[in-house]
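Undergrad: Handing over coords30.cif, mmCIF, C-alpha atoms.
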data_entry
#
loop_
_atom_site.label_atom_id
_atom_site.label_comp_id
_atom_site.auth_asym_id
_atom_site.auth_seq_id
_atom_site.Cartn_x
_atom_site.Cartn_y
_atom_site.Cartn_z
CA MET A 1 21.10 75.81 -32.57
CA ASN A 2 20.81 72.03 -32.47
CA ASN A 3 23.79 70.10 -31.13
CA PRO A 4 24.08 66.84 -33.11
CA SER A 5 26.12 65.26 -30.31
CA VAL A 6 23.13 65.42 -27.96
CA LYS A 7 20.80 62.49 -28.46
CA ALA A 8 17.08 63.13 -28.36
CA THR A 9 15.14 61.63 -25.46
CA TRP A 10 12.53 59.09 -26.38
CA ALA A 11 8.99 59.66 -25.23
CA GLN A 12 6.80 57.02 -26.83
CA VAL A 13 6.85 53.69 -28.65
CA LEU A 14 6.19 53.58 -32.39
CA TYR A 15 6.60 49.86 -33.09
CA PHE A 16 6.49 46.99 -30.55
CA ARG A 17 6.35 43.32 -31.51
CA ILE A 18 7.05 39.96 -29.85
CA PHE A 19 7.52 37.02 -32.18
CA LYS A 20 9.30 33.75 -32.87
CA ASP A 21 10.96 34.05 -36.29
CA PHE A 22 9.87 37.25 -38.02
CA GLY A 23 7.80 40.26 -37.10
CA GLN A 24 4.86 39.72 -39.44
CA GLU A 25 4.17 36.09 -38.51
CA THR A 26 0.67 34.99 -37.51
CA GLN A 27 -0.20 35.88 -33.94
CA PRO A 28 0.11 34.39 -31.48
CA ALA A 29 3.30 32.74 -32.63
CA ARG A 30 3.62 29.14 -31.44
CA VAL A 31 6.74 27.68 -29.86
CA LYS A 32 7.51 24.23 -28.41
CA VAL A 33 10.13 23.47 -25.78
CA PHE A 34 11.01 20.44 -23.66
CA ASN A 35 10.03 21.15 -20.05
CA ASN A 36 13.29 19.87 -18.61
CA GLU A 37 14.42 23.35 -17.43
CA ARG A 38 17.60 22.98 -19.50
CA GLN A 39 16.47 23.45 -23.09
CA GLN A 40 15.67 27.06 -23.99
CA CYS A 41 13.40 28.33 -26.76
CA GLN A 42 13.95 31.70 -28.38
CA VAL A 43 11.48 34.57 -28.10
CA LYS A 44 12.28 37.80 -29.95
CA VAL A 45 11.18 41.34 -29.26
CA ALA A 46 11.58 44.29 -31.66
CA ILE A 47 10.97 47.91 -30.74
CA VAL A 48 11.21 51.38 -32.30
CA VAL A 49 10.81 54.47 -30.14
CA GLN A 50 10.33 58.13 -31.02
CA ASP A 51 10.62 61.50 -29.37
CA ALA A 52 7.71 63.73 -28.36
CA ALA A 53 7.60 65.21 -31.86
CA GLY A 54 7.18 61.80 -33.47
CA ASN A 55 10.73 61.42 -34.78
CA PRO A 56 12.29 57.95 -34.48
CA VAL A 57 15.25 57.97 -32.09
CA GLU A 58 17.69 55.43 -30.72
CA LEU A 59 16.56 53.52 -27.65
CA PRO A 60 19.31 53.91 -25.01
CA GLU A 61 21.05 50.72 -23.92
CA ALA A 62 19.99 51.16 -20.31
CA ASP A 63 16.34 51.28 -21.37
CA PHE A 64 16.80 48.46 -23.89
CA GLN A 65 17.98 46.24 -21.03
CA LYS A 66 14.70 46.93 -19.21
CA LEU A 67 12.71 45.07 -21.84
CA GLU A 68 11.13 42.02 -20.20
CA LEU A 69 8.72 39.19 -20.89
CA ILE A 70 5.39 39.03 -19.10
CA ASP A 71 2.32 36.82 -18.83
CA TYR A 72 0.03 37.94 -21.68
CA GLY A 73 -3.10 37.34 -19.61
CA SER A 74 -2.12 39.00 -16.35
CA GLY A 75 0.45 41.53 -17.51
CA GLN A 76 2.70 40.40 -14.64
CA PRO A 77 6.20 38.86 -14.74
CA LEU A 78 6.29 35.18 -15.68
CA PRO A 79 5.34 32.91 -12.75
CA ALA A 80 7.52 30.46 -10.85
CA GLY A 81 8.67 27.58 -13.02
CA TRP A 82 9.56 29.84 -15.94
CA GLN A 83 13.08 31.19 -16.42
CA VAL A 84 14.18 33.90 -18.85
CA SER A 85 17.71 34.85 -19.85
CA ARG A 86 19.32 36.98 -22.52
CA THR A 87 22.18 34.50 -22.65
CA PRO A 88 21.81 31.21 -24.58
CA GLY A 89 22.49 28.01 -22.68
CA GLU A 90 24.38 24.92 -23.78
CA TYR A 91 21.45 22.81 -24.97
CA THR A 92 20.12 22.61 -28.52
CA TRP A 93 16.67 23.90 -29.40
CA ASP A 94 15.24 22.01 -32.35
CA GLU A 95 11.45 22.00 -32.58
CA ALA A 96 11.57 19.31 -35.27
CA ILE A 97 12.22 16.61 -32.68
CA ILE A 98 9.72 17.85 -30.08
CA PRO A 99 6.51 15.83 -30.37
CA ASP A 100 3.25 17.65 -30.89
CA THR A 101 0.74 17.56 -28.05
CA ALA A 102 -3.02 18.04 -28.00
CA GLU A 103 -2.48 21.28 -26.11
CA ALA A 104 -0.02 22.55 -28.72
CA GLY A 105 -2.65 22.16 -31.42
CA SER A 106 -5.61 23.54 -29.49
CA PRO A 107 -6.81 27.11 -29.98
CA ALA A 108 -5.09 29.83 -27.98
CA ALA A 109 -6.34 33.09 -26.63
CA ARG A 110 -6.13 35.20 -29.79
CA SER A 111 -4.03 38.29 -29.67
CA GLU A 112 -5.37 39.49 -32.99
CA HIS A 113 -8.16 38.58 -35.35
CA ALA A 114 -7.02 35.64 -37.47
CA ASP A 115 -9.11 36.90 -40.36
CA ASP A 116 -7.66 40.42 -40.21
CA ASP A 117 -5.58 40.60 -43.35
CA ALA A 118 -5.39 44.37 -43.41
CA ALA A 119 -1.85 45.34 -44.25
CA GLY A 120 -0.68 48.13 -42.00
CA ARG A 121 1.93 50.58 -43.17
CA LEU A 122 5.53 49.42 -43.15
CA LEU A 123 8.28 51.12 -41.22
CA ASN A 124 10.22 53.55 -43.36
CA ARG A 125 13.97 53.30 -43.66
CA ARG A 126 14.65 55.87 -40.99
CA GLU A 127 12.42 54.03 -38.56
CA GLN A 128 13.97 50.69 -39.48
CA ARG A 129 17.44 52.03 -38.70
CA GLN A 130 16.32 52.81 -35.16
CA MET A 131 14.85 49.35 -34.52
CA ARG A 132 16.38 47.34 -31.70
CA GLN A 133 15.81 43.62 -31.33
CA ALA A 134 16.28 41.51 -28.23
CA ILE A 135 16.43 37.72 -28.07
CA PHE A 136 15.19 36.09 -24.88
CA TYR A 137 15.86 32.45 -23.99
CA VAL A 138 13.02 30.78 -22.14
CA SER A 139 13.09 27.50 -20.21
CA THR A 140 10.54 25.89 -17.95
CA ARG A 141 9.52 22.96 -15.81
CA SER A 142 5.84 23.78 -16.25
CA THR A 143 3.37 21.36 -17.78
CA SER A 144 1.01 24.13 -18.91
CA ARG A 145 1.50 26.43 -21.86
CA MET A 146 2.18 30.11 -21.39
CA GLN A 147 1.15 33.00 -23.61
CA ILE A 148 3.95 35.53 -23.37
CA ALA A 149 3.97 39.26 -24.07
CA ALA A 150 6.62 41.95 -23.60
CA ARG A 151 6.81 45.30 -21.84
CA ILE A 152 9.16 48.23 -21.32
CA PRO A 153 8.95 51.06 -18.76
CA LEU A 154 8.08 54.39 -20.29
CA PRO A 155 10.30 57.41 -19.53
CA GLY A 156 9.43 58.99 -16.22
CA GLY A 157 8.36 55.71 -14.62
CA GLY A 158 4.99 54.56 -13.40
CA ALA A 159 3.76 53.15 -16.73
CA TYR A 160 4.70 50.56 -19.32
CA ALA A 161 4.32 50.06 -23.01
CA THR A 162 3.22 46.45 -23.49
CA THR A 163 2.27 44.02 -26.23
CA ASN A 164 -0.75 42.66 -24.36
CA THR A 165 -3.29 45.41 -24.96
CA VAL A 166 -5.95 42.85 -25.77
CA TRP A 167 -8.70 45.08 -27.12
CA ILE A 168 -7.04 45.90 -30.41
CA SER A 169 -5.97 44.02 -33.49
CA ASP A 170 -2.36 44.74 -34.38
CA PRO A 171 -1.36 43.04 -37.65
CA ASP A 172 1.65 45.26 -38.32
CA GLY A 173 3.19 45.90 -34.89
CA LEU A 174 2.41 49.62 -35.06
CA GLY A 175 -0.47 49.41 -32.61
CA ASP A 176 -3.45 51.75 -32.56
CA LYS A 177 -1.27 54.89 -32.79
CA ASN A 178 -2.10 55.60 -29.14
CA GLY A 179 0.59 53.39 -27.63
CA ASN A 180 -1.46 50.18 -27.50
CA PHE A 181 0.13 47.09 -29.04
CA ASN A 182 -0.92 43.48 -29.30
CA SER A 183 1.30 40.49 -30.03
CA SER A 184 2.32 37.38 -28.16
CA VAL A 185 4.16 34.06 -28.32
CA LEU A 186 2.45 30.89 -27.10
CA VAL A 187 4.99 28.51 -25.53
CA THR A 188 3.93 24.89 -25.11
CA PRO A 189 6.11 22.86 -22.72
CA THR A 190 6.46 19.23 -23.75
CA ALA A 191 7.63 16.30 -21.65
CA PHE A 192 9.98 13.84 -23.34
CA PRO A 193 7.86 10.82 -24.30
CA SER A 194 8.16 7.48 -22.52
CA LEU A 195 9.99 5.18 -24.93
CA PRO A 196 10.15 1.37 -24.93
CA ILE A 197 13.46 -0.18 -23.96
CA THR A 198 13.95 -1.21 -27.61
CA SER A 199 14.49 2.48 -28.39
CA TYR A 200 17.65 2.48 -26.27
CA GLY A 201 19.81 -0.25 -27.78
CA GLU A 202 20.43 -3.22 -30.07
CA PHE A 203 19.33 -6.58 -28.66
CA ASP A 204 19.96 -10.23 -29.48
CA THR A 205 17.25 -12.90 -29.49
CA SER A 206 17.71 -13.48 -25.74
CA GLY A 207 17.11 -9.85 -24.87
CA ASN A 208 20.76 -9.08 -24.13
CA LEU A 209 22.51 -6.08 -25.61
CA MET A 210 24.05 -7.07 -28.93
CA ALA A 211 27.77 -7.73 -28.53
CA HIS A 212 30.36 -6.59 -31.11
CA ARG A 213 33.82 -8.12 -30.73
CA VAL A 214 36.64 -5.64 -31.23
CA GLY A 215 40.42 -5.56 -31.25
CA ASP A 216 43.00 -8.23 -30.45
CA THR A 217 41.80 -11.67 -29.30
CA SER A 218 45.21 -13.34 -28.84
CA ASN A 219 45.46 -12.87 -25.05
CA PHE A 220 43.61 -14.68 -22.27
CA PHE A 221 41.19 -11.76 -22.41
CA LEU A 222 39.32 -9.93 -25.17
CA ALA A 223 36.86 -7.05 -25.58
CA GLU A 224 33.30 -6.66 -26.82
CA GLU A 225 31.27 -3.47 -27.28
CA HIS A 226 27.56 -2.76 -26.78
CA TYR A 227 25.81 0.34 -28.08
CA VAL A 228 23.23 2.32 -26.10
CA PHE A 229 21.40 5.27 -27.65
CA VAL A 230 18.09 7.18 -27.69
CA ASN A 231 15.97 6.52 -30.77
CA LEU A 232 13.07 8.95 -31.06
CA ASN A 233 10.79 8.37 -34.05
CA GLY A 234 13.54 6.66 -36.04
CA ARG A 235 16.20 9.26 -35.24
CA GLU A 236 19.11 8.68 -32.88
CA LEU A 237 19.51 11.80 -30.77
CA ALA A 238 22.90 13.41 -30.27
CA LEU A 239 24.10 12.83 -26.72
CA LYS A 240 25.90 15.24 -24.43
CA SER A 241 27.14 13.00 -21.61
CA VAL A 242 26.62 9.89 -19.51
CA SER A 243 27.03 9.58 -15.76
CA ALA A 244 26.00 7.56 -12.74
CA SER A 245 24.40 10.76 -11.44
CA THR A 246 22.18 13.52 -12.80
CA THR A 247 23.87 16.10 -10.59
CA ALA A 248 27.57 15.33 -11.13
CA SER A 249 30.02 13.59 -13.41
CA ALA A 250 30.33 10.13 -11.89
CA GLY A 251 31.56 6.83 -13.26
CA PHE A 252 29.62 3.59 -13.41
CA ALA A 253 30.72 -0.02 -13.76
CA VAL A 254 29.64 -3.63 -13.43
CA TYR A 255 31.96 -6.62 -13.07
CA THR A 256 31.20 -10.24 -12.29
CA HIS A 257 32.47 -13.84 -12.34
CA GLY A 258 30.93 -16.51 -14.52
CA ASP A 259 30.58 -20.22 -13.78
CA ALA A 260 33.62 -22.50 -13.87
CA PHE A 261 32.42 -24.20 -17.07
CA ASP A 262 31.55 -20.98 -18.90
CA THR A 263 33.76 -19.87 -21.78
CA PHE A 264 34.25 -16.51 -20.11
CA LYS A 265 35.13 -16.71 -16.44
CA TRP A 266 34.70 -13.00 -15.70
CA GLY A 267 33.77 -9.69 -17.23
CA ILE A 268 34.69 -6.10 -16.40
CA SER A 269 32.74 -3.24 -17.99
CA TYR A 270 34.11 -0.02 -19.41
CA TYR A 271 32.41 2.92 -21.11
CA GLY A 272 33.17 6.16 -22.89
CA GLN A 273 31.51 9.52 -23.13
CA PRO A 274 29.66 10.05 -26.44
CA ASN A 275 32.15 10.08 -29.32
CA ALA A 276 35.11 9.50 -26.96
CA SER A 277 37.93 7.22 -28.10
CA ALA A 278 39.16 6.32 -24.60
CA PRO A 279 37.31 4.87 -21.61
CA GLU A 280 36.45 6.93 -18.57
CA HIS A 281 37.04 5.87 -14.93
CA LEU A 282 38.59 2.50 -15.76
CA PRO A 283 38.83 0.81 -13.35
CA LEU A 284 36.24 2.35 -11.10
CA PRO A 285 37.29 2.10 -7.39
CA PRO A 286 37.39 -0.03 -5.35
CA LEU A 287 38.34 -2.37 -8.21
CA ARG A 288 42.00 -1.97 -9.11
CA TRP A 289 43.29 -5.26 -10.47
CA PHE A 290 42.28 -8.58 -11.90
CA GLN A 291 44.43 -11.11 -10.05
CA LEU A 292 45.45 -14.32 -11.77
CA THR A 293 46.98 -17.19 -9.76
CA VAL A 294 49.40 -19.38 -11.72
CA ALA A 295 51.30 -22.45 -10.51
CA SER A 296 55.02 -22.67 -11.33
CA GLU A 297 55.71 -25.18 -14.10
CA ASP A 298 59.52 -25.27 -13.82
CA ARG A 299 59.65 -27.44 -10.68
CA ALA A 300 58.58 -30.89 -9.61
CA PRO A 301 54.87 -31.12 -8.79
CA GLU A 302 55.53 -31.43 -5.07
CA GLU A 303 57.71 -28.29 -5.18
CA ARG A 304 55.51 -26.12 -7.32
CA GLU A 305 54.41 -22.79 -5.91
CA SER A 306 51.57 -20.55 -6.86
CA ARG A 307 52.31 -17.01 -7.83
CA GLN A 308 49.85 -14.19 -8.27
CA SER A 309 49.92 -11.68 -11.10
CA ASN A 310 47.87 -8.49 -11.17
CA TYR A 311 46.44 -7.20 -14.42
CA ASP A 312 45.28 -3.61 -14.69
CA PRO A 313 41.88 -3.37 -16.50
CA LEU A 314 42.99 -0.23 -18.35
CA THR A 315 46.08 -2.03 -19.66
CA MET A 316 43.94 -4.99 -20.64
CA PHE A 317 41.64 -2.62 -22.51
CA ARG A 318 44.58 -1.13 -24.39
CA ASN A 319 45.91 -4.61 -25.25
CA SER A 320 42.56 -5.87 -26.52
CA ALA A 321 40.21 -3.17 -27.82
CA GLY A 322 42.91 -0.52 -28.11
CA SER A 323 40.32 2.24 -28.35
CA ILE A 324 36.54 2.65 -28.35
CA VAL A 325 35.79 1.40 -31.83
CA GLY A 326 32.10 2.13 -32.32
CA ARG A 327 32.18 5.63 -30.91
CA SER A 328 29.58 8.14 -32.07
CA ASN A 329 28.00 11.34 -30.83
CA THR A 330 24.68 9.48 -30.71
CA ARG A 331 25.96 6.49 -28.69
CA VAL A 332 27.25 5.49 -25.34
CA VAL A 333 29.58 2.56 -25.89
CA ILE A 334 29.59 0.06 -23.01
CA GLY A 335 32.30 -2.54 -23.38
CA LEU A 336 33.27 -5.70 -21.55
CA ILE A 337 36.76 -7.03 -20.99
CA LEU A 338 36.23 -10.80 -20.86
CA GLY A 339 38.65 -13.43 -19.54
CA ILE A 340 38.99 -17.16 -20.16
CA LEU A 341 41.14 -17.91 -17.09
CA GLN A 342 39.88 -18.00 -13.51
CA GLY A 343 40.89 -15.18 -11.21
CA ARG A 344 39.53 -12.68 -8.75
CA PHE A 345 38.94 -8.97 -8.42
CA VAL A 346 41.09 -7.11 -5.91
CA ASN A 347 41.69 -3.53 -4.78
CA ILE A 348 44.94 -1.62 -4.46
CA ASN A 349 45.70 -3.54 -1.25
CA SER A 350 45.03 -6.91 -2.91
CA SER A 351 41.90 -7.41 -0.85
CA VAL A 352 39.05 -9.17 -2.63
CA VAL A 353 36.45 -6.89 -4.24
CA PRO A 354 32.94 -8.39 -4.50
CA ASP A 355 31.15 -8.52 -7.81
CA VAL A 356 28.95 -5.59 -8.87
CA ASN A 357 26.11 -6.98 -10.95
CA ALA A 358 23.96 -3.89 -11.44
CA THR A 359 24.31 -0.13 -11.76
CA THR A 360 22.36 2.88 -12.98
CA LEU A 361 23.42 5.22 -15.75
CA HIS A 362 21.94 8.50 -16.93
CA MET A 363 22.38 9.65 -20.52
CA LEU A 364 21.87 13.36 -21.19
CA ASP A 365 20.94 14.30 -24.74
CA VAL A 366 21.88 17.63 -26.32
CA TYR A 367 18.28 18.82 -25.86
CA GLY A 368 18.56 18.61 -22.08
CA ASN A 369 16.65 15.36 -21.45
CA TYR A 370 17.96 12.70 -19.07
CA HIS A 371 17.42 9.03 -19.88
CA SER A 372 17.90 6.71 -16.91
CA LEU A 373 18.75 3.06 -17.50
CA ASN A 374 19.55 0.09 -15.30
CA LEU A 375 22.57 -1.90 -16.47
CA THR A 376 22.86 -5.51 -15.32
CA PHE A 377 24.48 -8.77 -16.31
CA GLY A 378 22.48 -11.47 -18.00
CA ALA A 379 22.94 -15.14 -17.21
CA LYS A 380 26.63 -15.07 -18.08
CA ALA A 381 29.60 -12.76 -17.62
CA ASN A 382 29.60 -11.84 -21.32
CA GLN A 383 25.95 -10.73 -21.37
CA LEU A 384 24.65 -7.24 -20.57
CA LYS A 385 21.06 -6.13 -20.21
CA ILE A 386 19.41 -2.74 -19.88
CA SER A 387 16.01 -1.76 -18.52
CA ARG A 388 14.21 1.50 -17.96
CA GLY A 389 15.29 3.36 -14.83
CA ALA A 390 13.48 5.86 -12.66
CA SER A 391 12.06 8.93 -14.38
CA ASP A 392 14.07 12.16 -14.13
#
Output the file's structure in the form of structure tokens.
TA:
Amino acid sequence: MNNPSVKATWAQVLYFRIFKDFGQETQPARVKVFNNERQQCQVKVAIVVQDAAGNPVELPEADFQKLELIDYGSGQPLPAGWQVSRTPGEYTWDEAIIPDTAEAGSPAARSEHADDDAAGRLLNRREQRQMRQAIFYVSTRSTSRMQIAARIPLPGGGAYATTNTVWISDPDGLGDKNGNFNSSVLVTPTAFPSLPITSYGEFDTSGNLMAHRVGDTSNFFLAEEHYVFVNLNGRELALKSVSASTTASAGFAVYTHGDAFDTFKWGISYYGQPNASAPEHLPLPPLRWFQLTVASEDRAPEERESRQSNYDPLTMFRNSAGSIVGRSNTRVVIGLILGILQGRFVNINSSVVPDVNATTLHMLDVYGNYHSLNLTFGAKANQLKISRGASD
């Protein structure tokens, strides 16, 4: 008497398909991914197994977890430089923004005859109920495309069912009825294109970043904002973060003195993370204060004394800009606190801090690409410039 609580053991594979979006798509399916090792593309695998009598049965979880991706050509695990996970990462995969390459459009090794329009039989409802589908997330640093297949160990060990049995055409995923299947996904890694500096910001006629005055201007200091972004083919990309480092969260800053006859005698930069309303790391050590020296006016000239007042850059920001005004998830806002009175930069011990006229920043977009820029002052303390930094 059959015991319904005992699950039948699977013995063979009925349906086996690797694809991008849906099981009946043209083979090999084509996928693009940035080769920054952070963005992941999706590759899907569907499988139905049956017992020795040909009845569809449930694939046990332990066996389902043994599904893996392989090199279609060699039948071996994917080589170094390719990573596969069943867990999605934190970066967005959007093929619409990934540029096409000559390699992406060139013919691939065909895993089935393109002109084979023969419609194989469809899975019946019972078979469909037993289908299991896995989603793999693939990332790479490779510059060469990879044709990917899938495999699973057969019960008893020593053999695999694979989707790279190249001598058959398999338009329906049901193979040749002898356990041979043929489907694949062709992944084309794409490097982020080299963009001109004009794709990273707004510029005035002198080549400086365009300045936008914000907030209160009634003090001896005021604030201006500058907007830095990544414009790819007319679209500003959403940004994830900005840092002085590609390996850690680190602040960046520039600050300098202008000439005595300039309107603005000094400038101190601030910045915010994308879409942040408050600045980060302001002031960045060793800078702690702006020190203003003022002579006493309530005594006779020969008795006047000079007194020194320290002004915290963060307080000055709050009393001028108040918040990051032009914030956006597609922008890094770099501001300047600008002063019209002479003074000097000092640290927590009131020792003089030298000017910092240049720094490097790294913007990370939501697709996992770093964009390195050099930030410098122009000819005056109220002018900022950017240039392309080292490649990441």
Undergrad: Tell me which of A:Ile135, A:Ile97, A:Ala191, A:Val333 sits closest to Tyr370 in chain A, counting all atoms listed in the file.
TA: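 Ranking A:Ile135, A:Ile97, A:Ala191, A:Val333 by distance to Tyr370 in chain A, first place goes to A:Ala191.
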Undergrad: Would you translate the PyMOL selection byres ((chain A and resi 184) around 6) into the concrete set of residues it matches in this file, as a list in words?
TA: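 Here the PyMOL selection byres ((chain A and resi 184) around 6) matches Ile18, Pro28, Ile148, Ala149, Ser183 and Val185 of chain A.
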Undergrad: With only C-alpha atoms as the atoms that count, which of A:Leu59, A:Val228, A:Leu237, A:Val346 lies nearest to Leu284 in chain A?
TA: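 Comparing A:Leu59, A:Val228, A:Leu237, A:Val346 against Leu284 in chain A, the winner is A:Val346.
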Undergrad: Which one of A:Ala244, A:Ser139, A:Ala321, A:Arg132 sits closest to Ala223 in chain A if you count only C-alpha atoms?
TA: A:Ala321
Undergrad: Which of these residues is nearest to Met363 in chain A, using all atoms listed in the file: A:Tyr270, A:Phe192, A:Tyr200, A:Phe317?
TA: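 Comparing A:Tyr270, A:Phe192, A:Tyr200, A:Phe317 against Met363 in chain A, the winner is A:Tyr200.
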Undergrad: Out of A:Asp365, A:Asp259, A:Glu90, A:Asp204, which residue has the shortest atom-to-atom distance to Glu236 in chain A when counting all atoms listed in the file?
TA: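 Smallest separation from Glu236 in chain A among the options: A:Asp365.
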Undergrad: Please tabulate, as CSV, the residues of range 159-261 of chain A that come within 12 Å of range 62-85 of chain A, each with its closest pair of atoms and the distance in Å to one decimal, counting all atoms listed in the file and ordering rows by chain, then residue number upward.
TA:
residue,atom,partner,partner_atom,distance
A:Tyr160,CA,A:Leu67,CA,10.0
A:Ala161,CA,A:Leu67,CA,9.8
A:Thr162,CA,A:Gly75,CA,8.2
A:Thr163,CA,A:Tyr72,CA,7.9
A:Asn164,CA,A:Tyr72,CA,5.5
A:Thr165,CA,A:Tyr72,CA,8.8
A:Val166,CA,A:Gly73,CA,8.7
A:Phe181,CA,A:Tyr72,CA,11.7
A:Asn182,CA,A:Tyr72,CA,9.5
A:Ser183,CA,A:Tyr72,CA,8.8
A:Ser184,CA,A:Tyr72,CA,6.9
A:Val185,CA,A:Tyr72,CA,8.7
A:Leu186,CA,A:Tyr72,CA,9.2
A:Val187,CA,A:Trp82,CA,10.7
A:Thr188,CA,A:Trp82,CA,11.8
A:Pro189,CA,A:Trp82,CA,10.3
Undergrad: Which one of A:Gln383, A:Asn357, A:Asn369, A:Asn55 sits closest to Ile98 in chain A if you count all atoms listed in the file?
TA: A:Asn369
Undergrad: CA of Pro196 in chain A and CA of Asn374 in chain A are how many Å apart?
TA: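 Separating CA of Pro196 in chain A from CA of Asn374 in chain A is a distance of 13.5 Å.
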Undergrad: At most 9 Å from (33.3, -13.1, -12.1), file frame, all atoms listed in the file: which residues, as a PDB file with C-alpha atoms, keeping the file's coordinate frame?
TA:
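What landed in selection-v7.pdb:
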ATOM      1  CA  TYR A 255      31.960  -6.620 -13.070  1.00  0.00           C
ATOM      2  CA  THR A 256      31.200 -10.240 -12.290  1.00  0.00           C
ATOM      3  CA  HIS A 257      32.470 -13.840 -12.340  1.00  0.00           C
ATOM      4  CA  GLY A 258      30.930 -16.510 -14.520  1.00  0.00           C
ATOM      5  CA  ASP A 259      30.580 -20.220 -13.780  1.00  0.00           C
ATOM      6  CA  PHE A 264      34.250 -16.510 -20.110  1.00  0.00           C
ATOM      7  CA  LYS A 265      35.130 -16.710 -16.440  1.00  0.00           C
ATOM      8  CA  TRP A 266      34.700 -13.000 -15.700  1.00  0.00           C
ATOM      9  CA  GLY A 267      33.770  -9.690 -17.230  1.00  0.00           C
ATOM     10  CA  ILE A 268      34.690  -6.100 -16.400  1.00  0.00           C
ATOM     11  CA  GLN A 342      39.880 -18.000 -13.510  1.00  0.00           C
ATOM     12  CA  GLY A 343      40.890 -15.180 -11.210  1.00  0.00           C
ATOM     13  CA  ARG A 344      39.530 -12.680  -8.750  1.00  0.00           C
ATOM     14  CA  PHE A 345      38.940  -8.970  -8.420  1.00  0.00           C
ATOM     15  CA  PRO A 354      32.940  -8.390  -4.500  1.00  0.00           C
ATOM     16  CA  ASP A 355      31.150  -8.520  -7.810  1.00  0.00           C
ATOM     17  CA  ALA A 381      29.600 -12.760 -17.620  1.00  0.00           C
TER      18      ALA A 381
END
Undergrad: Can you tell me how far CA of Ser351 in chain A sits from CA of Pro285 in chain A, in Å to one decimal?
TA: 12.4 Å
Undergrad: Quick one: residues within 6 Å of range 310-312 of chain A, all atoms listed in the file, excluding same-chain residues fewer than 3 positions away - as a ChimeraX atom specification?
TA: /A:289-291,315
Undergrad: I'd like to see the residues matched by the PyMOL selection byres ((chain A and resi 39) around 7) on this file, and ideally I'd get them as a ChimeraX atom specification.
TA: /A:33-34,36-38,40-41,91-93,139,367-368
Undergrad: CA of Ala238 in chain A to CA of Arg331 in chain A: how many Å, to one decimal?
TA: 7.7 Å
Undergrad: Name the residues that the PyMOL selection byres ((chain A and resi 385) around 12) pulls out of this structure, and write them as an MDAnalysis selection string.
TA: chainID A and resid 197:198 200:204 206:211 226:228 254 334 357:360 373:384 386:388
Undergrad: Could you please give me, as number ranges by chain, the residues of protein, DNA or RNA lying at most 10 Å from (37.1, 2.2, -30.7) in the coordinate frame of the file, considering all atoms listed in the file?
TA: A: 214-215, 225, 272, 275-279, 321-328, 333, 335
Undergrad: Can you pull out every residue within 12 Å of range 122-130 of chain A, counting only C-alpha atoms, but drop anything in the same chain fewer than 4 positions away, and send it as a list in words?
TA: Trp10, Val13, Leu14, Tyr15, Phe16, Gly23, Gln24, Ala46, Ile47, Val48, Val49, Gln50, Asp51, Gly54, Asn55, Pro56, Val57, Glu58, Leu59, Pro60, Pro171, Asp172, Gly173 and Leu174 of chain A
